[in-house]
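Visitor: Input coords_29.csv, format and content: CSV, C-alpha atoms and all ligand atoms.
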chain,number,residue,atom,x,y,z
A,805,MET,CA,40.4,3.8,-14.5
A,806,ARG,CA,38.7,0.6,-15.3
A,807,THR,CA,35.7,0.6,-17.5
A,808,GLU,CA,34.0,-2.6,-16.5
A,809,LYS,CA,30.3,-2.9,-17.1
A,810,ARG,CA,28.2,-2.3,-14.0
A,811,PRO,CA,26.3,-5.3,-12.8
A,812,GLU,CA,22.6,-4.9,-13.5
A,813,GLY,CA,20.2,-4.3,-10.7
A,814,ARG,CA,21.3,-1.7,-8.2
A,815,ASP,CA,22.1,1.0,-10.7
A,816,ALA,CA,19.5,0.1,-13.2
A,817,GLN,CA,16.9,2.7,-13.9
A,818,PRO,CA,13.4,2.1,-12.7
A,819,TRP,CA,12.2,2.0,-16.2
A,820,PRO,CA,14.2,1.2,-19.3
A,821,THR,CA,14.4,3.9,-21.8
A,822,GLY,CA,11.4,3.9,-24.0
A,823,SER,CA,9.2,2.1,-21.6
A,824,MET,CA,5.6,3.2,-21.5
A,825,ASN,CA,2.6,3.0,-19.3
A,826,PRO,CA,-0.8,2.1,-20.7
A,827,GLY,CA,-1.9,5.8,-20.6
A,828,ASP,CA,1.2,7.0,-22.5
A,829,GLU,CA,0.9,8.1,-26.1
A,830,ALA,CA,4.6,8.0,-26.6
A,831,PRO,CA,7.7,7.0,-24.7
A,832,GLU,CA,9.1,9.6,-22.3
A,833,GLY,CA,11.4,12.0,-24.0
A,834,THR,CA,9.7,11.8,-27.4
A,835,PRO,CA,9.9,15.2,-29.2
A,836,GLY,CA,6.5,16.8,-29.3
A,837,THR,CA,5.2,15.1,-26.2
A,838,GLY,CA,5.1,16.0,-22.6
A,839,GLU,CA,3.7,15.0,-19.2
A,840,ASN,CA,0.1,15.5,-18.4
A,841,VAL,CA,-1.9,14.8,-15.4
A,842,CYS,CA,-3.3,11.3,-15.6
A,843,PRO,CA,-7.0,11.5,-16.5
A,844,ASP,CA,-7.9,8.4,-14.6
A,845,CYS,CA,-6.4,9.2,-11.2
A,846,ALA,CA,-6.1,13.0,-11.5
A,847,GLY,CA,-2.4,12.9,-10.7
A,848,SER,CA,-2.7,10.9,-7.5
A,849,GLY,CA,-1.3,7.7,-9.0
A,850,ARG,CA,-4.0,5.8,-7.2
A,851,VAL,CA,-7.5,4.6,-8.0
A,852,GLN,CA,-10.1,2.7,-6.0
A,853,ASN,CA,-8.5,-0.6,-6.7
A,854,GLY,CA,-5.0,0.5,-5.9
A,855,ARG,CA,-2.3,1.8,-8.1
A,856,CYS,CA,-3.4,3.5,-11.3
A,857,ASN,CA,-2.5,1.3,-14.2
A,858,THR,CA,-3.0,4.1,-16.7
A,859,CYS,CA,-0.1,6.1,-15.5
A,860,GLY,CA,1.7,3.2,-13.7
A,861,GLY,CA,1.2,4.9,-10.4
A,862,ILE,CA,3.2,8.0,-11.1
A,863,GLY,CA,0.2,10.3,-11.7
A,864,VAL,CA,1.2,11.6,-15.1
A,865,VAL,CA,1.1,10.3,-18.6
A,866,ILE,CA,3.0,11.2,-21.7
A,867,VAL,CA,0.8,12.8,-24.3
A,868,GLY,CA,1.3,14.7,-27.5
A,869,ILE,CA,1.5,18.4,-27.1
A,870,GLY,CA,1.1,21.3,-29.5
A,871,GLY,CA,-0.3,21.1,-32.9
A,872,ALA,CA,-3.9,20.0,-33.5
B,901,ZN,ZN,-3.1,7.5,-13.2
Here is the file; what I need is its structure written in the form of structure tokens.
Ligand SMILES: [Zn+2]

Guide:
Amino acid sequence: MRTEKRPEGRDAQPWPTGSMNPGDEAPEGTPGTGENVCPDCAGSGRVQNGRCNTCGGIGVVIVGIGGA
């Protein structure tokens, strides 16, 4: 079994780990955070001008949960 590194590109993830959208309060997977419906596009991922930049077009943002 060979263990060569995969070439980048085809198998690369859409977003590198830790990437964030403008509406995110924390990178995905951060403890104490979770997905929430994007307040700007209401979960549609779209706004009048096209793709929602707040959530990056996915309709959800990462926000802090619990506490407060
Ligand atoms: Zn949005």

Visitor: Produce as a list in words the set of residues near ligand ZN 901 (chain B), where near means within 8 Å with all atoms listed in the file considered.

Guide: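 With all atoms listed in the file and a cut-off of 8 Å, ligand ZN 901 (chain B) is contacted by Gly827, Val841, Cys842, Pro843, Asp844, Cys845, Ala846, Gly847, Ser848, Gly849, Arg850, Val851, Arg855, Cys856, Asn857, Thr858, Cys859, Gly860, Gly861, Ile862, Gly863, Val864 and Val865 of chain A.
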
Visitor: What does the distance from CA of Gly868 (chain A) to CA of Ala830 (chain A) come to in Å, to one decimal?

Guide: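 Separation between CA of Gly868 (chain A) and CA of Ala830 (chain A): 7.5 Å.
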
Visitor: Using Å and a single decimal, report how far CA of Asn853 (chain A) sits from CA of Asn825 (chain A).

Guide: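 These two atoms are separated by 17.2 Å.
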
Visitor: Work out how far CA of Val867 (chain A) is from CA of Gly854 (chain A), in Å to one decimal.

Guide: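 For CA of Gly854 (chain A) relative to CA of Val867 (chain A), the distance reads 22.9 Å.
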
Visitor: What lies within 8 Å of Ile869 (chain A) using all atoms listed in the file, ignoring chain neighbours under 4 positions off, as a JSON list (two decimals) with C-alpha atoms, in the coordinates of the input?

Guide:
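This is the output file part00.json:
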[["chain", "number", "residue", "atom", "x", "y", "z"],
["A", 836, "GLY", "CA", 6.50, 16.80, -29.30],
["A", 837, "THR", "CA", 5.20, 15.10, -26.20],
["A", 838, "GLY", "CA", 5.10, 16.00, -22.60]]
